[in-house]
Structure formats: C-alpha cells, structure tokens
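Peer 1: Quick one: the structure is below, and I'll ask about it shortly.
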Amino acid sequence: MNADVRPAAAPPRPPSPKDRKSLLLVDPQSLFRRTVALVARDLDLAYIREASSHDAASRLLDEHPFDGLLLDIEDTLSGYSLVQRVRTGATRSDQAMPIVLTAASCDASTIAFFKPMAVQRIMLKPFKVKTVLEVISALAAPGGTAAP
Amino acid sequence: MLPAPIPTNDDERLQALRALLILDTPPEERFDRIVQFAADEFDLPIALVSLVDRDRQWFKAKVGVDVCETGRDISFCGHAIGSNEVLLVPDATLDPRFADNPLVTGPPFLRFYAGAPLETRPGLRVGTLCLIDTRPRTFDAMDLAILQSLRDLLVGELLEPGSLR
C-alpha cells in the first residue's frame with residue numbers, strides 16, 4: 001500500500017434534530033431571510049428563527065434561547081442595544097453566544113462602537129446567500145464561531 | 001434536437017396553469033425581485049419565471065432577455081417540467097438533447113441551464129424558475145438548495161399572493 005494514500009476522512013455527521021443549533025436571523029429583506037432559513041433547514045445546517053426588525057428580534061430573544069445571532073445593523077443604535085442586551089445576560093441566550101453583524105456600510109466608528117461587544121464578524125452587504133450559509137455552518141458547528 | 005416532450009397529463013397541467021390567471025399579465029414586482037435575486041445570487045446573466053403553455057413558454061418575470069416567449073418545442077423548460085427534480089444542463093453543447101437546439105446554436109447561445117419545476121398541485125408542473133448562462137458551469141449541493149428554496153418561495157407566491165411580504 002502506498003504510504004501516501006490515507007483513508008478518506010469520514011464526512012461530517014449531520015446534526016440530529018436534537019443537537020441542531022438554533023440561530024436568530026434578523027434582516028428586513030424577506031426574500032433573503034426566507035431563502036437562508038429554508039436552505040439551512042434543507043441542508044440540516046441549523047434551525048433558523050427569523051425576525052424582520054429589532055423589536056421582533058428582542059421579543060424572540062426574551063422568549064427563546066439561541067445559539068447564535070446574525071443581526072442587520074442598518075439602525076446602528078437599536079442594533080447596539082440588542083447586542084448589549086445579549087452581552088449583559090438580559091435575554092434567555094448565553095451572553096457569550098456568537099454574534100455576526102451585517103451592514104450595508106461600516107466605517108471605523110461603527111467598528112469601534114461594536115468592538116467592546118465582542119462580535120465575531122461584521123459582514124458587508126451585498127453578500128451572497130451562500131456566504132451567509134457558510135457562516136451559519138461555521139456558527140452551528142460544535143464550538144462554532146463565524147469563519148474569518 | 002429532442003423536442004420538449006408532452007406530459008401525459010398535459011391537459012390537466014394546462015388547466016392548473018390557466019387557473020392561476022397569470023398568463024399574459026403584466027410584470028409584477030413580487031416575481032421580478034425573485035428572478036433578480038436569483039441572477040445576483042448566482043452571478044448569471046439570465047433568470048426567468050417560465051410558464052409552459054400549450055405551444056409556447058411565456059415569461060412572467062425575466063432578467064437578461066428581451067423576448068417574452070419562445071416555442072415550447074425548443075424550450076428547455078418544456079423538458080424540466082417532466083420531473084419534479086431540478087433539470088441541470090452543465091453544457092448544452094455536450095448534451096444530445098440540446099446541442100443543436102436553436103437557443104444553443106443561436107441567441108441567446110445558451111450553454112448552462114438549471115430549471116426548478118413549479119409544481120402547484122401534485123404532479124402538475126406549470127413551469128420553472130430557471131437560470132441560464134452563456135458559459136458552461138456547475139452547480140454544487142448548496143447552489144441546488146438555494147435554487148430549490150427560491151422555487152418553493154415562488155410557488156408559495158403563485159398560490160398565495162403576498163406570502164413573501
């Protein structure tokens with residue numbers, strides 16, 4: 001047997017419904033949101049709850065624990081307030097849960113604003129559904145954080 | 001070229017299509033944004049909501065083409081409605097069903113085709129959400145899942161207008 005030939009690594013086991021992670025996706029664009037949620041479910045990447053606004057997201061965070069948050073911060077102050085609620089343990093989720101922000105624009109002041117909140121990543125729009133799904137896949141992996 | 005086959009339940013299929021009251025209606029933003037979203041997501045020049053009528057395919061929504069219909073016999077979507085699976089043609093010039101199709105040998109010089117059938121009732125597929133490129137390409141599992149999800153949202157919108165609001 002050739003020493004360089006190694007058995008192929010077993011493909012990653014898809015998570016069972018019991019250990020599938022639950023992520024909250026907050027974005028005003030319904031077509032984007034729905035597509036991400038449907039594909040994540042179909043590919044068994046994660047269970048996605050959707051919110052179209054920060055108010056709706058806040059209610060969901062009060063009612064359910066989540067394993068990760070993908071948050072549009074078009075309204076920066078309201079987004080900051082939501083992140084702050086998570087990080088201070090004011091929701092049912094682990095206050096250290098991974099948080100990924102999405103924004104149409106992002107300057108140094110926005111980064112400085114959110115830096116103390118230990119967000120994993122800021123994604124600039126427009127981006128592909130596929131890119132978001134790759135981030136979700138990373139977040140949903142055991143011990144997952146958003147891929148760089 | 002293999003002309004688009006006619007399903008055995010075509011009369012029933014056409015009744016389902018006509019019951020939607022959508023043929024030859026003006027463009028609508030709710031469908032236009034789905035095809036634009038698909039074209040942007042996959043970086044493709046052409047995306048269509050194609051409805052397969054008795055002798056033609058008619059485009060309810062379109063990105064990248066000027067015509068509003070073509071003959072059913074030469075349509076790729078006419079083939080796609082034969083199954084509930086996505087019809088994937090990575091390179092039409094290498095596929096005996098399509099290599100000498102006038103849509104391949106002439107404008108728009110189609111090479112890649114992915115068509116997700118729109119099944120509005122069990123077994124009745126009225127058309128497709130389809131993606132077209134003028135270059136060969138491949139689709140991976142995630143691409144397919146994204147196309148199928150957009151198709152599902154489109155079918156929801158066909159059956160229940162406003163479901164995507």
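Scheme for the structure tokens: letters A, B, ... for chains in order shown; per-chain residue numbers from 1; ligand numbers from 1 in order shown.
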With 9 Å as the limit and counting only C-alpha atoms, what residues in chain A lie close to chain B? Please list them as a ChimeraX atom specification.

Peer 2: /A:29-32,34-36,38-40,42-43,127-130,133

Peer 1: Which residues in stretch 54-124 of chain A does DSSP call strand (DSSP E)? List them as a list of chain:residue names.

Peer 2: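 Going through stretch 54-124 of chain A, the strand (DSSP E) residues come out as A:Gly68, A:Leu69, A:Leu70, A:Leu71, A:Asp72, A:Ile99, A:Val100, A:Leu101, A:Thr102, A:Ala103, A:Arg121, A:Ile122, A:Met123, A:Leu124.
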
Peer 1: I'd like the contact shell of stretch 86-102 of chain B - 7 Å cut-off, only C-alpha atoms, skipping same-chain residues fewer than 2 positions apart - returned as a list in words.

Peer 2: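 My list of contacting residues is Met1, Leu2, Ile74, Ala80, Asn84, Val104, Thr105, Gly106, Arg111, Phe112, Tyr113, Ala114, Gly115, Ala116, Pro117, Pro136, Arg137 and Thr138 of chain B.
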
Peer 1: Those same residues - C-alpha atoms - I'd like them written as an mmCIF file, in the first residue's frame.

Peer 2:
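File part.cif, as written:
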```cif
data_model
loop_
_atom_site.group_PDB
_atom_site.id
_atom_site.type_symbol
_atom_site.label_atom_id
_atom_site.label_comp_id
_atom_site.auth_asym_id
_atom_site.auth_seq_id
_atom_site.Cartn_x
_atom_site.Cartn_y
_atom_site.Cartn_z
ATOM 1 C CA MET B 1 -32.583 18.100 -31.007
ATOM 2 C CA LEU B 2 -35.139 16.350 -28.862
ATOM 3 C CA ILE B 74 -37.413 24.220 -28.351
ATOM 4 C CA ALA B 80 -37.784 20.411 -16.990
ATOM 5 C CA ASN B 84 -40.029 17.226 -10.069
ATOM 6 C CA VAL B 104 -27.941 26.950 -28.172
ATOM 7 C CA THR B 105 -26.735 27.472 -31.735
ATOM 8 C CA GLY B 106 -28.236 30.973 -31.915
ATOM 9 C CA ARG B 111 -24.771 26.750 -22.555
ATOM 10 C CA PHE B 112 -25.750 26.243 -18.905
ATOM 11 C CA TYR B 113 -29.328 25.664 -17.768
ATOM 12 C CA ALA B 114 -30.835 24.938 -14.346
ATOM 13 C CA GLY B 115 -34.619 24.710 -14.184
ATOM 14 C CA ALA B 116 -36.582 24.090 -10.983
ATOM 15 C CA PRO B 117 -40.131 22.929 -11.796
ATOM 16 C CA PRO B 136 -20.714 26.121 -19.114
ATOM 17 C CA ARG B 137 -20.759 25.852 -15.346
ATOM 18 C CA THR B 138 -21.523 23.517 -12.492
#
```

Peer 1: Quick check, in Å to one decimal: how far apart do atom CA of A:Ala112 and atom CA of A:Asp27 lie?

Peer 2: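 For atom CA of A:Ala112 relative to atom CA of A:Asp27, the distance reads 22.2 Å.
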
Peer 1: Which residue out of B:Leu118, B:Leu44, B:Leu23, B:Ala39 has the minimum interatomic distance to B:Glu69 when only C-alpha atoms are used?

Peer 2: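 Among B:Leu118, B:Leu44, B:Leu23, B:Ala39, it is B:Leu23 that comes nearest to B:Glu69.
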
Peer 1: Mind the document's chain letters and residue numbers, and return as a ChimeraX atom specification the residues of chain A that DSSP labels helix (DSSP H, G or I).

Peer 2: /A:30-42,54-63,76-87,108-117,129-140

Peer 1: Out of A:Ala103, A:Val119, A:Ile136, A:Leu61, which residue has the shortest atom-to-atom distance to A:Gly89 when counting only C-alpha atoms?

Peer 2: A:Leu61

Peer 1: I'd like the contact shell of B:Leu17 - 9 Å cut-off, only C-alpha atoms, skipping same-chain residues fewer than 4 positions apart - returned as a PyMOL selection string.

Peer 2: chain B and resi 12-13+21-23+51-53+120+124-127
